[in-house]
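File shown: protein28.csv. Contents: CSV, C-alpha atoms.
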chain,number,residue,atom,x,y,z
A,1039,MET,CA,17.4,-7.4,3.1
A,1040,GLU,CA,17.7,-3.9,4.5
A,1041,LYS,CA,15.4,-3.5,7.5
A,1042,THR,CA,13.2,-0.4,6.9
A,1043,TRP,CA,10.3,1.2,8.6
A,1044,ARG,CA,7.4,3.4,7.4
A,1045,TRP,CA,7.7,6.7,9.2
A,1046,PHE,CA,5.2,9.6,8.8
A,1047,GLY,CA,7.6,12.5,9.3
A,1048,LYS,CA,8.8,14.8,12.0
A,1049,ASN,CA,5.4,14.8,13.8
A,1050,ASP,CA,5.3,11.0,13.9
A,1051,LYS,CA,4.9,9.9,17.5
A,1052,ILE,CA,7.6,7.3,17.0
A,1053,SER,CA,11.1,8.9,17.0
A,1054,LEU,CA,13.9,8.1,14.7
A,1055,ASN,CA,16.2,7.4,17.7
A,1056,THR,CA,13.8,4.7,18.9
A,1057,LEU,CA,13.6,3.2,15.4
A,1058,ARG,CA,17.4,3.0,15.3
A,1059,GLN,CA,17.5,1.4,18.7
A,1060,ILE,CA,15.2,-1.5,17.6
A,1061,GLY,CA,17.3,-2.3,14.6
A,1062,VAL,CA,15.8,-0.3,11.8
A,1063,GLU,CA,18.4,0.6,9.2
A,1064,GLY,CA,16.4,2.7,6.7
A,1065,ILE,CA,13.4,4.9,6.6
A,1066,VAL,CA,10.4,4.7,4.2
A,1067,SER,CA,8.7,8.0,4.0
A,1068,ALA,CA,7.5,10.9,1.9
A,1069,LEU,CA,6.9,14.7,1.9
A,1070,HIS,CA,3.4,14.3,3.3
A,1071,ASP,CA,2.8,18.0,3.6
A,1072,VAL,CA,3.2,18.6,-0.2
A,1073,PRO,CA,-0.3,18.3,-1.9
A,1074,ASN,CA,-0.8,15.8,-4.7
A,1075,GLY,CA,0.4,17.0,-8.1
A,1076,GLN,CA,2.8,19.7,-6.7
A,1077,ILE,CA,6.6,19.5,-7.2
A,1078,TRP,CA,8.8,18.2,-4.5
A,1079,SER,CA,11.5,20.8,-4.3
A,1080,LEU,CA,15.2,19.8,-4.1
A,1081,GLU,CA,15.5,21.9,-1.0
A,1082,ALA,CA,12.6,20.2,0.8
A,1083,ILE,CA,13.9,16.7,-0.2
A,1084,ASN,CA,17.4,17.5,1.0
A,1085,ASP,CA,16.1,18.9,4.3
A,1086,TYR,CA,14.1,15.8,5.0
A,1087,LYS,CA,17.0,13.5,3.9
A,1088,ASN,CA,19.5,15.3,6.1
A,1089,TYR,CA,17.1,15.1,9.1
A,1090,ILE,CA,16.8,11.4,8.7
A,1091,GLU,CA,20.6,10.9,8.2
A,1092,SER,CA,21.3,13.1,11.3
A,1093,HIS,CA,19.7,10.2,13.3
A,1094,GLY,CA,22.0,7.6,11.9
A,1095,LEU,CA,19.5,6.3,9.4
A,1096,ARG,CA,19.0,6.7,5.6
A,1097,TRP,CA,16.0,7.6,3.5
A,1098,SER,CA,15.8,4.2,1.7
A,1099,VAL,CA,12.4,4.4,-0.1
A,1100,VAL,CA,10.0,7.1,-1.0
A,1101,GLU,CA,6.5,5.8,-0.2
A,1102,SER,CA,4.7,7.4,-1.8
A,1103,LEU,CA,5.2,10.0,-4.5
A,1104,PRO,CA,1.4,9.9,-5.2
A,1105,VAL,CA,0.1,9.6,-8.7
A,1106,SER,CA,-2.6,12.1,-9.1
A,1107,GLU,CA,-6.1,10.8,-10.0
A,1108,ALA,CA,-6.1,12.7,-13.3
A,1109,ILE,CA,-3.1,10.7,-14.4
A,1110,LYS,CA,-4.9,7.5,-13.6
A,1111,TYR,CA,-8.2,8.3,-15.4
A,1112,GLY,CA,-6.5,10.3,-18.2
A,1113,GLY,CA,-7.8,13.7,-17.4
A,1114,GLU,CA,-7.1,16.9,-19.4
A,1115,ASP,CA,-4.3,18.0,-17.1
A,1116,ARG,CA,-2.5,14.6,-16.9
A,1117,ASP,CA,0.4,15.8,-19.0
A,1118,PHE,CA,0.9,18.8,-16.8
A,1119,LEU,CA,0.8,16.6,-13.7
A,1120,ILE,CA,3.2,14.1,-15.2
A,1121,GLU,CA,5.6,16.9,-15.9
A,1122,ASN,CA,5.4,17.9,-12.3
A,1123,TYR,CA,6.0,14.2,-11.3
A,1124,ILE,CA,9.0,14.1,-13.5
A,1125,LYS,CA,10.5,17.2,-11.9
A,1126,SER,CA,9.9,15.6,-8.5
A,1127,LEU,CA,11.7,12.5,-9.6
A,1128,GLU,CA,14.6,14.5,-11.0
A,1129,ASN,CA,14.9,16.3,-7.6
A,1130,LEU,CA,14.8,13.0,-5.8
A,1131,GLY,CA,17.5,11.6,-8.1
A,1132,ARG,CA,19.7,14.7,-7.5
A,1133,ALA,CA,19.4,14.1,-3.8
A,1134,GLY,CA,20.3,10.4,-4.1
A,1135,VAL,CA,16.9,9.0,-3.0
A,1136,THR,CA,16.2,6.6,-5.9
A,1137,THR,CA,13.6,4.0,-4.9
A,1138,VAL,CA,10.0,5.2,-5.3
A,1139,CYS,CA,7.0,3.1,-4.3
A,1140,TYR,CA,3.7,4.2,-5.8
A,1141,ASN,CA,0.3,2.7,-6.7
A,1142,PHE,CA,-2.2,3.0,-9.5
A,1143,MET,CA,-5.3,2.2,-7.6
A,1144,PRO,CA,-8.4,4.3,-8.6
A,1145,VAL,CA,-9.7,6.5,-5.8
A,1146,LEU,CA,-9.1,4.1,-2.9
A,1147,ASP,CA,-5.5,3.6,-1.8
A,1148,TRP,CA,-6.4,0.5,0.2
A,1149,ALA,CA,-9.7,-0.7,1.7
A,1150,ARG,CA,-10.7,-2.1,5.0
A,1151,THR,CA,-14.1,-2.1,6.7
A,1152,ASP,CA,-12.9,-2.6,10.3
A,1153,LEU,CA,-9.7,-0.9,11.5
A,1154,PHE,CA,-9.9,-2.6,15.0
A,1155,HIS,CA,-11.1,-6.2,14.6
A,1156,GLU,CA,-10.5,-7.8,17.9
A,1157,TRP,CA,-8.7,-11.1,18.4
A,1158,GLU,CA,-9.2,-13.4,21.4
A,1159,ASP,CA,-6.2,-11.9,23.2
A,1160,GLY,CA,-7.5,-8.4,23.1
A,1161,SER,CA,-5.2,-7.1,20.3
A,1162,SER,CA,-6.8,-6.0,17.0
A,1163,SER,CA,-6.1,-6.0,13.3
A,1164,LEU,CA,-7.4,-4.5,10.1
A,1165,TYR,CA,-10.3,-6.5,8.5
A,1166,PHE,CA,-12.1,-6.6,5.2
A,1167,ASP,CA,-15.8,-7.7,5.4
A,1168,LYS,CA,-17.1,-8.2,1.9
A,1169,ALA,CA,-20.8,-7.9,2.9
A,1170,LYS,CA,-20.1,-4.7,4.9
A,1171,PHE,CA,-18.3,-3.2,2.0
A,1172,ALA,CA,-21.2,-4.1,-0.3
A,1173,TYR,CA,-23.5,-2.4,2.2
A,1174,PHE,CA,-21.2,0.7,2.1
A,1175,GLU,CA,-21.5,0.8,-1.7
A,1176,ILE,CA,-25.2,0.2,-1.9
A,1177,HIS,CA,-26.7,2.1,1.0
A,1178,ILE,CA,-24.1,4.7,1.9
A,1179,LEU,CA,-22.5,5.7,-1.4
A,1180,LYS,CA,-25.7,4.6,-3.2
A,1181,ARG,CA,-23.6,3.6,-6.2
A,1182,GLN,CA,-25.9,2.9,-9.2
A,1183,GLY,CA,-25.7,-0.8,-10.2
A,1184,ALA,CA,-23.6,-1.8,-7.2
A,1185,GLU,CA,-25.9,-4.7,-6.5
A,1186,LYS,CA,-24.9,-6.4,-9.8
A,1187,ASP,CA,-21.3,-6.9,-8.4
A,1188,TYR,CA,-22.4,-9.2,-5.6
A,1189,ASN,CA,-24.0,-12.6,-5.3
A,1190,ALA,CA,-27.3,-13.4,-3.6
A,1191,GLU,CA,-25.7,-14.5,-0.4
A,1192,ILE,CA,-23.8,-11.2,0.0
A,1193,LEU,CA,-26.9,-9.2,-0.9
A,1194,GLN,CA,-28.9,-11.1,1.8
A,1195,LYS,CA,-26.3,-10.1,4.4
A,1196,VAL,CA,-26.5,-6.6,3.1
A,1197,GLU,CA,-30.2,-6.5,3.8
A,1198,GLU,CA,-29.5,-7.8,7.3
A,1199,LEU,CA,-27.0,-5.1,7.9
A,1200,LYS,CA,-29.4,-2.5,6.6
A,1201,ASN,CA,-31.8,-3.5,9.4
A,1202,THR,CA,-29.2,-3.7,12.2
A,1203,LEU,CA,-26.5,-1.0,11.6
A,1204,THR,CA,-27.0,2.3,13.4
A,1205,GLU,CA,-26.1,5.8,12.2
A,1206,GLU,CA,-23.0,5.5,14.4
A,1207,ASP,CA,-22.1,2.3,12.7
A,1208,ASN,CA,-22.5,4.0,9.3
A,1209,ASN,CA,-20.2,6.8,10.4
A,1210,ASP,CA,-17.6,4.3,11.6
A,1211,LEU,CA,-17.8,2.6,8.3
A,1212,ILE,CA,-17.3,5.9,6.4
A,1213,ASP,CA,-14.3,6.6,8.7
A,1214,SER,CA,-12.8,3.2,8.0
A,1215,VAL,CA,-13.2,3.2,4.2
A,1216,ILE,CA,-12.7,6.8,3.4
A,1217,VAL,CA,-11.4,9.1,6.1
A,1218,LYS,CA,-8.9,7.4,8.4
A,1219,THR,CA,-7.2,5.2,5.8
A,1220,GLN,CA,-7.0,7.6,2.9
A,1221,GLY,CA,-6.4,11.2,4.0
A,1222,PHE,CA,-2.9,10.8,5.3
A,1223,VAL,CA,-1.8,8.9,2.1
A,1224,ASN,CA,-3.2,10.8,-0.9
A,1225,GLY,CA,-4.7,14.0,0.3
A,1226,ASN,CA,-8.0,13.4,-1.5
A,1227,ILE,CA,-10.1,13.0,1.6
A,1228,LYS,CA,-9.1,14.7,4.8
A,1229,GLU,CA,-10.5,14.0,8.2
A,1230,GLY,CA,-12.9,16.9,9.1
A,1231,ASP,CA,-14.3,17.3,5.5
A,1232,LEU,CA,-18.0,18.3,5.8
A,1233,ASN,CA,-19.2,15.6,3.4
A,1234,PRO,CA,-16.7,12.9,2.7
A,1235,VAL,CA,-19.3,10.7,1.0
A,1236,GLU,CA,-20.2,13.4,-1.5
A,1237,LYS,CA,-16.5,14.1,-2.2
A,1238,PHE,CA,-15.8,10.4,-2.6
A,1239,ASN,CA,-18.6,10.0,-5.1
A,1240,ASN,CA,-17.3,13.0,-7.1
A,1241,LEU,CA,-14.0,11.1,-7.4
A,1242,LEU,CA,-15.7,7.9,-8.5
A,1243,ALA,CA,-17.6,9.8,-11.2
A,1244,LEU,CA,-14.3,10.9,-12.8
A,1245,TYR,CA,-13.7,7.2,-13.7
A,1246,HIS,CA,-16.9,6.8,-15.7
A,1247,GLY,CA,-16.2,4.6,-18.7
A,1248,ILE,CA,-12.7,3.6,-17.5
A,1249,ASP,CA,-12.4,-0.2,-17.9
A,1250,LYS,CA,-9.4,-2.4,-17.1
A,1251,ASN,CA,-7.9,-2.0,-20.6
A,1252,GLN,CA,-8.1,1.8,-20.4
A,1253,LEU,CA,-6.6,1.9,-16.9
A,1254,ARG,CA,-3.8,-0.3,-18.1
A,1255,LEU,CA,-3.1,2.0,-21.1
A,1256,ASN,CA,-3.1,5.0,-18.7
A,1257,LEU,CA,-0.5,3.3,-16.6
A,1258,LYS,CA,1.6,2.5,-19.7
A,1259,TYR,CA,1.3,6.1,-20.8
A,1260,PHE,CA,2.5,7.3,-17.4
A,1261,LEU,CA,5.5,4.9,-17.3
A,1262,GLU,CA,6.6,5.7,-20.8
A,1263,LYS,CA,6.7,9.4,-19.9
A,1264,ILE,CA,8.7,9.0,-16.7
A,1265,MET,CA,11.2,6.3,-17.8
A,1266,PRO,CA,13.7,8.7,-19.4
A,1267,VAL,CA,14.2,10.6,-16.1
A,1268,CYS,CA,14.4,7.3,-14.2
A,1269,GLU,CA,17.2,6.1,-16.6
A,1270,GLU,CA,19.0,9.4,-16.2
A,1271,TRP,CA,19.0,9.3,-12.4
A,1272,ASN,CA,18.8,5.6,-11.8
A,1273,ILE,CA,15.4,5.8,-10.1
A,1274,GLN,CA,13.7,2.5,-9.4
A,1275,MET,CA,9.9,2.8,-9.8
A,1276,CYS,CA,8.1,0.0,-8.0
A,1277,VAL,CA,4.3,-0.2,-8.2
A,1278,HIS,CA,2.4,-1.5,-5.2
A,1279,PRO,CA,-0.1,-4.3,-5.8
A,1280,ASP,CA,-3.8,-3.4,-5.5
A,1281,ASP,CA,-5.1,-3.8,-1.9
A,1282,PRO,CA,-7.4,-5.8,-1.9
A,1283,PRO,CA,-6.4,-7.5,-5.2
A,1284,PHE,CA,-9.9,-7.5,-6.8
A,1285,ALA,CA,-12.3,-5.0,-8.3
A,1286,LEU,CA,-14.1,-2.6,-6.0
A,1287,LEU,CA,-16.7,0.2,-6.5
A,1288,GLY,CA,-17.2,-0.8,-10.1
A,1289,LEU,CA,-13.6,0.2,-10.8
A,1290,PRO,CA,-10.9,-2.0,-12.4
A,1291,ARG,CA,-7.8,-3.1,-10.5
A,1292,ILE,CA,-4.8,-3.9,-12.6
A,1293,VAL,CA,-2.0,-5.2,-10.3
A,1294,THR,CA,-3.7,-8.2,-8.6
A,1295,ASN,CA,-2.1,-11.4,-9.9
A,1296,GLU,CA,0.7,-13.0,-12.0
A,1297,GLU,CA,-1.0,-12.0,-15.3
A,1298,ASP,CA,-1.3,-8.4,-14.3
A,1299,ILE,CA,2.3,-8.1,-13.1
A,1300,ASP,CA,3.5,-9.8,-16.3
A,1301,TRP,CA,1.5,-7.3,-18.3
A,1302,PHE,CA,2.8,-4.0,-16.9
A,1303,LEU,CA,6.4,-5.3,-16.7
A,1304,HIS,CA,6.3,-6.2,-20.4
A,1305,ALA,CA,4.2,-3.2,-21.5
A,1306,VAL,CA,7.1,-1.0,-20.5
A,1307,ASP,CA,10.0,-3.4,-20.4
A,1308,ASN,CA,12.6,-1.3,-18.7
A,1309,PRO,CA,14.6,-2.3,-15.7
A,1310,HIS,CA,13.6,0.9,-13.9
A,1311,ASN,CA,9.9,-0.2,-14.1
A,1312,GLY,CA,9.6,-2.6,-11.2
A,1313,LEU,CA,7.4,-4.1,-8.5
A,1314,THR,CA,6.9,-3.5,-4.8
A,1315,PHE,CA,6.3,-7.1,-3.7
A,1316,CYS,CA,3.6,-6.8,-1.1
A,1317,ALA,CA,3.0,-10.4,0.2
A,1318,GLY,CA,0.0,-9.2,2.2
A,1319,SER,CA,-1.9,-7.7,-0.8
A,1320,LEU,CA,-1.1,-10.6,-3.0
A,1321,SER,CA,-2.1,-13.1,-0.4
A,1322,ALA,CA,-5.6,-11.8,-0.2
A,1323,ASN,CA,-6.3,-13.3,-3.6
A,1324,LEU,CA,-6.9,-17.0,-3.2
A,1325,ASN,CA,-5.6,-17.7,-6.6
A,1326,ASN,CA,-2.1,-16.3,-5.8
A,1327,ASP,CA,0.7,-18.6,-4.8
A,1328,VAL,CA,2.8,-15.9,-3.0
A,1329,PRO,CA,6.2,-17.6,-2.8
A,1330,LYS,CA,5.9,-18.7,-6.5
A,1331,LEU,CA,5.2,-15.0,-7.4
A,1332,ALA,CA,8.2,-13.9,-5.3
A,1333,HIS,CA,10.5,-16.3,-7.2
A,1334,LYS,CA,9.1,-15.3,-10.6
A,1335,PHE,CA,9.4,-11.6,-10.1
A,1336,ALA,CA,12.4,-11.3,-7.8
A,1337,HIS,CA,14.5,-9.9,-10.7
A,1338,ARG,CA,12.1,-7.0,-11.1
A,1339,THR,CA,11.3,-6.4,-7.4
A,1340,LYS,CA,12.7,-3.2,-6.0
A,1341,PHE,CA,11.1,-3.2,-2.6
A,1342,VAL,CA,9.4,-5.8,-0.3
A,1343,HIS,CA,6.5,-5.4,2.1
A,1344,LEU,CA,6.2,-8.3,4.5
A,1345,ARG,CA,2.8,-9.0,6.0
A,1346,SER,CA,0.2,-11.8,5.6
A,1347,THR,CA,-3.5,-12.4,5.5
A,1348,ASN,CA,-6.0,-15.1,6.5
A,1349,VAL,CA,-8.7,-15.4,3.8
A,1350,PHE,CA,-12.1,-16.9,4.6
A,1351,GLU,CA,-14.4,-18.8,2.3
A,1352,ASN,CA,-16.8,-15.9,1.9
A,1353,GLY,CA,-14.0,-13.6,0.7
A,1354,ASP,CA,-13.5,-11.7,4.0
A,1355,PHE,CA,-9.9,-11.4,5.1
A,1356,ILE,CA,-7.9,-10.3,8.1
A,1357,GLU,CA,-4.3,-9.3,8.7
A,1358,ALA,CA,-2.6,-12.4,9.9
A,1359,HIS,CA,0.3,-13.1,12.3
A,1360,HIS,CA,3.5,-12.3,10.4
A,1361,LEU,CA,4.6,-15.9,10.7
A,1362,GLY,CA,1.3,-17.4,9.6
A,1363,GLY,CA,-1.4,-16.9,6.9
A,1364,ARG,CA,-1.4,-17.2,3.2
A,1365,GLY,CA,1.6,-14.8,2.7
A,1366,LYS,CA,4.0,-17.6,3.7
A,1367,LEU,CA,6.6,-15.1,4.7
A,1368,ILE,CA,9.2,-17.6,5.7
A,1369,ASP,CA,9.3,-18.9,2.1
A,1370,VAL,CA,9.1,-15.4,0.7
A,1371,ILE,CA,12.1,-14.3,2.8
A,1372,ARG,CA,14.0,-17.3,1.6
A,1373,VAL,CA,13.4,-16.3,-2.0
A,1374,PHE,CA,14.5,-12.7,-1.6
A,1375,GLU,CA,17.5,-13.4,0.7
A,1376,LYS,CA,18.8,-15.7,-1.9
A,1377,GLU,CA,18.0,-13.8,-5.1
A,1378,SER,CA,17.9,-10.1,-4.1
A,1379,PRO,CA,19.5,-9.7,-0.7
A,1380,ASP,CA,20.1,-6.0,-1.0
A,1381,LEU,CA,16.5,-5.0,-1.3
A,1382,PRO,CA,14.9,-2.7,1.2
A,1383,MET,CA,12.2,-4.5,3.2
A,1384,ARG,CA,9.6,-3.1,5.6
A,1385,ILE,CA,7.2,-4.7,8.0
A,1386,ASP,CA,3.7,-3.8,6.7
A,1387,HIS,CA,0.9,-3.3,9.2
A,1388,GLY,CA,0.9,-4.8,12.6
A,1389,ARG,CA,-1.6,-5.7,15.3
A,1390,LEU,CA,-2.7,-3.0,17.7
A,1391,LEU,CA,-1.6,-4.1,21.2
A,1392,THR,CA,-3.1,-2.8,24.4
A,1393,GLU,CA,-0.4,-0.4,25.3
A,1394,ASP,CA,-0.7,1.3,21.9
A,1395,ILE,CA,-4.5,1.7,21.9
A,1396,ASP,CA,-4.6,5.4,22.9
A,1397,LYS,CA,-1.5,6.5,20.9
A,1398,ASP,CA,-3.5,7.6,17.9
A,1399,TYR,CA,-1.3,5.9,15.4
A,1400,ASN,CA,-2.3,5.6,11.7
A,1401,PRO,CA,-4.4,2.5,11.2
A,1402,GLY,CA,-2.2,-0.6,10.8
A,1403,TYR,CA,0.9,1.4,11.8
A,1404,SER,CA,1.1,1.0,15.6
A,1405,PHE,CA,4.5,0.8,17.2
A,1406,LEU,CA,4.5,-2.3,19.4
A,1407,GLY,CA,2.7,-4.5,16.8
A,1408,ARG,CA,5.2,-3.6,14.1
A,1409,MET,CA,8.1,-4.0,16.5
A,1410,LEU,CA,6.9,-7.5,17.4
A,1411,ALA,CA,6.7,-8.3,13.7
A,1412,LEU,CA,10.1,-6.9,13.0
A,1413,GLY,CA,11.6,-9.1,15.7
A,1414,GLN,CA,9.9,-12.1,14.2
A,1415,ILE,CA,11.0,-11.3,10.7
A,1416,GLU,CA,14.5,-10.4,11.7
A,1417,GLY,CA,14.8,-13.9,13.3
A,1418,VAL,CA,13.6,-15.5,10.1
A,1419,MET,CA,16.1,-13.5,8.1
A,1420,ALA,CA,18.9,-14.6,10.4
A,1421,ALA,CA,17.8,-18.3,10.1
A,1422,VAL,CA,17.7,-18.1,6.3
A,1423,GLN,CA,21.1,-16.4,6.1
A,1424,ASN,CA,22.5,-19.1,8.4
A,1425,GLU,CA,21.1,-21.7,6.0
A,1426,MET,CA,22.8,-20.1,3.1
A,1427,GLN,CA,26.2,-19.9,4.8
A,1428,LYS,CA,26.3,-23.6,5.8
A,1429,THR,CA,28.5,-25.9,3.8
A,1430,PHE,CA,28.2,-29.6,3.9

Represent the structure of the file as structure tokens.
Amino acid sequence: MEKTWRWFGKNDKISLNTLRQIGVEGIVSALHDVPNGQIWSLEAINDYKNYIESHGLRWSVVESLPVSEAIKYGGEDRDFLIENYIKSLENLGRAGVTTVCYNFMPVLDWARTDLFHEWEDGSSSLYFDKAKFAYFEIHILKRQGAEKDYNAEILQKVEELKNTLTEEDNNDLIDSVIVKTQGFVNGNIKEGDLNPVEKFNNLLALYHGIDKNQLRLNLKYFLEKIMPVCEEWNIQMCVHPDDPPFALLGLPRIVTNEEDIDWFLHAVDNPHNGLTFCAGSLSANLNNDVPKLAHKFAHRTKFVHLRSTNVFENGDFIEAHHLGGRGKLIDVIRVFEKESPDLPMRIDHGRLLTEDIDKDYNPGYSFLGRMLALGQIEGVMAAVQNEMQKTF
């Protein structure tokens, strides 16, 4: 697989020269300065592509060309926004950048309650605490009916948190769930907004009455509209699984397991409608056998994210060591090296190590933690390739 790296543009603290020196071959990035719903111009795309190529790398994957919320919930302006999306895809195709990762998650791009959960060695990882998220829904967002989504044990923990968490703790939780993990991805919530909770609740309200079936139909509508331009320019669309892979905030999630993936691939059965295989997202669902899913969907996978999670009995999960956890990345790598060896692959998330603590990296995207993981994964890839070359 091609070794790629998520890079956040010319202001990223990690230089392209450094990435090339550590073995990165391709860049996963986007035009982060273009607001959601606006057209990516051919000129801007080519400028970005040429900048990456001038450093001896290639722009391998667009992650992401964001799908506007109105497309997801089926708002009045969705056709206008889809037309803009099509024009951006056409311009990407003209520039020769033809793998596009996107997601169809309502409101939240991904959710964690703790961005710096400390391990015994002093490093830290992203963490999802189910009770703390329930507290966030019930006592910070004050979402009507949120209590019904949780069992008695979780609700008891929520009451304990209500009596112990401070205003500073609440602000940290708002930062973790809304501000620091969402703003740089989709532009809906920006750090510094006066009232992110109110803005977030306004977004949630737009999905009133949208159930799983309707969200599926909205994804199908979107895909059917964009497939002609994808066919014309050989663009590979690859949806990212929901993270975490279960319902949140009273909203449906529709890319969580084998049945969900089967549904959207068959709903628009076009080879340009594919999957970003994120082992980490899928591993957070205890019902998912990640290597089995890799094998089943390798033929429709266009892009691979390699990370893993440890999931606890109460539903909490933490980003695991890249060679451990439920993601079973060694087995996943064996599948893709054998069945789809030309796919772009990137290390997804990494521990925050001591020397990176004050670097102000985006959560989950520190340099040293990802470089460590890349070295581990590169070693696994080499071992698998050696297995394949042996003859007896």

- Item | Nearest to A:Leu1303, chosen from A:Asn1256, A:Ser1319, A:Asn1240, A:Thr1339, with all atoms listed in the file counted in the distances | A:Thr1339

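Atom CA of A:Ser1102 lies 11.4 Å from atom CA of A:Val1072.
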
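Proximity ranking of A:Gly1061, A:Gly1362, A:Gly1094, A:Pro1234 relative to A:Gly1413 places A:Gly1061 first, based on all atoms listed in the file.
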
Dig up all the protein and nucleic acid residues within 9 Å of (7.3, -1.4, 14.2) in the file frame, using all atoms listed in the file, and format them as a short mmCIF file (atom, residue, chain, number, x, y, z; two decimals) with C-alpha atoms, keeping the file's coordinate frame.
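Resulting contents of part-v5.cif:
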data_model
loop_
_atom_site.label_atom_id
_atom_site.label_comp_id
_atom_site.auth_asym_id
_atom_site.auth_seq_id
_atom_site.Cartn_x
_atom_site.Cartn_y
_atom_site.Cartn_z
CA TRP A 1043 10.30 1.20 8.60
CA ARG A 1044 7.40 3.40 7.40
CA LEU A 1057 13.60 3.20 15.40
CA ILE A 1060 15.20 -1.50 17.60
CA VAL A 1062 15.80 -0.30 11.80
CA ILE A 1385 7.20 -4.70 8.00
CA ASP A 1386 3.70 -3.80 6.70
CA HIS A 1387 0.90 -3.30 9.20
CA GLY A 1388 0.90 -4.80 12.60
CA TYR A 1403 0.90 1.40 11.80
CA SER A 1404 1.10 1.00 15.60
CA PHE A 1405 4.50 0.80 17.20
CA LEU A 1406 4.50 -2.30 19.40
CA GLY A 1407 2.70 -4.50 16.80
CA ARG A 1408 5.20 -3.60 14.10
CA MET A 1409 8.10 -4.00 16.50
CA LEU A 1410 6.90 -7.50 17.40
CA ALA A 1411 6.70 -8.30 13.70
CA LEU A 1412 10.10 -6.90 13.00
CA GLY A 1413 11.60 -9.10 15.70
#

- Item | All residues 8 Å or closer to A:Lys1258, only C-alpha atoms, same chain fewer than 6 positions away omitted, as a PyMOL selection string | chain A and resi 1302+1305-1306

- Any idea what's packed within 6 Å of A:Val1293, counting only C-alpha atoms, ignoring anything in its chain fewer than 4 positions away? Could you give it as a list in words? Pro1279, Asp1280, Asp1298 and Ile1299 of chain A

- Query: Which neighbours of stretch 1166-1178 of chain A fall inside 6 Å, counting all atoms listed in the file, when residues of the same chain fewer than 5 positions from it are skipped, and could you give them as an MDAnalysis selection string?
  - Reply: chainID A and resid 1150:1151 1184 1192 1196 1354:1355

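Distances here use all atoms listed in the file; by that measure, the residue among A:Ile1090, A:Ile1356, A:Ile1368, A:Met1143 closest to A:Ile1109 is A:Met1143.
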
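Minimum atom-to-atom distances from A:Pro1329, A:Gly1047, A:Gly1363, A:Pro1309 to A:Met1275 were compared using only C-alpha atoms, and the lowest value belongs to A:Pro1309.
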
- Find, counting all atoms listed in the file, the residue in A:Asn1348, A:Tyr1111, A:His1310, A:Glu1262 that gets nearest to A:His1360. A:Asn1348

Selected stretch 1287-1317 of chain A, written as a CSV table (one decimal), in the first residue's frame, C-alpha atoms:
chain,number,residue,atom,x,y,z
A,1287,LEU,CA,-27.3,12.7,20.1
A,1288,GLY,CA,-30.6,11.0,19.0
A,1289,LEU,CA,-29.2,11.0,15.5
A,1290,PRO,CA,-28.9,7.9,13.3
A,1291,ARG,CA,-25.6,6.6,12.0
A,1292,ILE,CA,-25.6,4.7,8.8
A,1293,VAL,CA,-22.0,3.4,8.2
A,1294,THR,CA,-21.3,1.3,11.3
A,1295,ASN,CA,-21.2,-2.4,10.4
A,1296,GLU,CA,-21.4,-5.0,7.7
A,1297,GLU,CA,-25.1,-4.6,7.0
A,1298,ASP,CA,-24.7,-0.8,6.7
A,1299,ILE,CA,-21.8,-1.1,4.3
A,1300,ASP,CA,-23.6,-3.7,2.2
A,1301,TRP,CA,-26.6,-1.4,2.0
A,1302,PHE,CA,-24.9,1.7,0.6
A,1303,LEU,CA,-22.7,-0.2,-1.8
A,1304,HIS,CA,-25.7,-2.0,-3.2
A,1305,ALA,CA,-28.0,1.1,-3.0
A,1306,VAL,CA,-25.8,2.8,-5.6
A,1307,ASP,CA,-24.0,-0.2,-7.1
A,1308,ASN,CA,-21.3,1.7,-9.0
A,1309,PRO,CA,-17.5,0.9,-8.8
A,1310,HIS,CA,-16.9,4.6,-8.1
A,1311,ASN,CA,-19.0,4.3,-4.9
A,1312,GLY,CA,-16.6,2.9,-2.4
A,1313,LEU,CA,-15.4,2.7,1.2
A,1314,THR,CA,-12.7,4.2,3.3
A,1315,PHE,CA,-11.8,1.2,5.4
A,1316,CYS,CA,-11.1,2.7,8.8
A,1317,ALA,CA,-10.1,-0.2,11.1
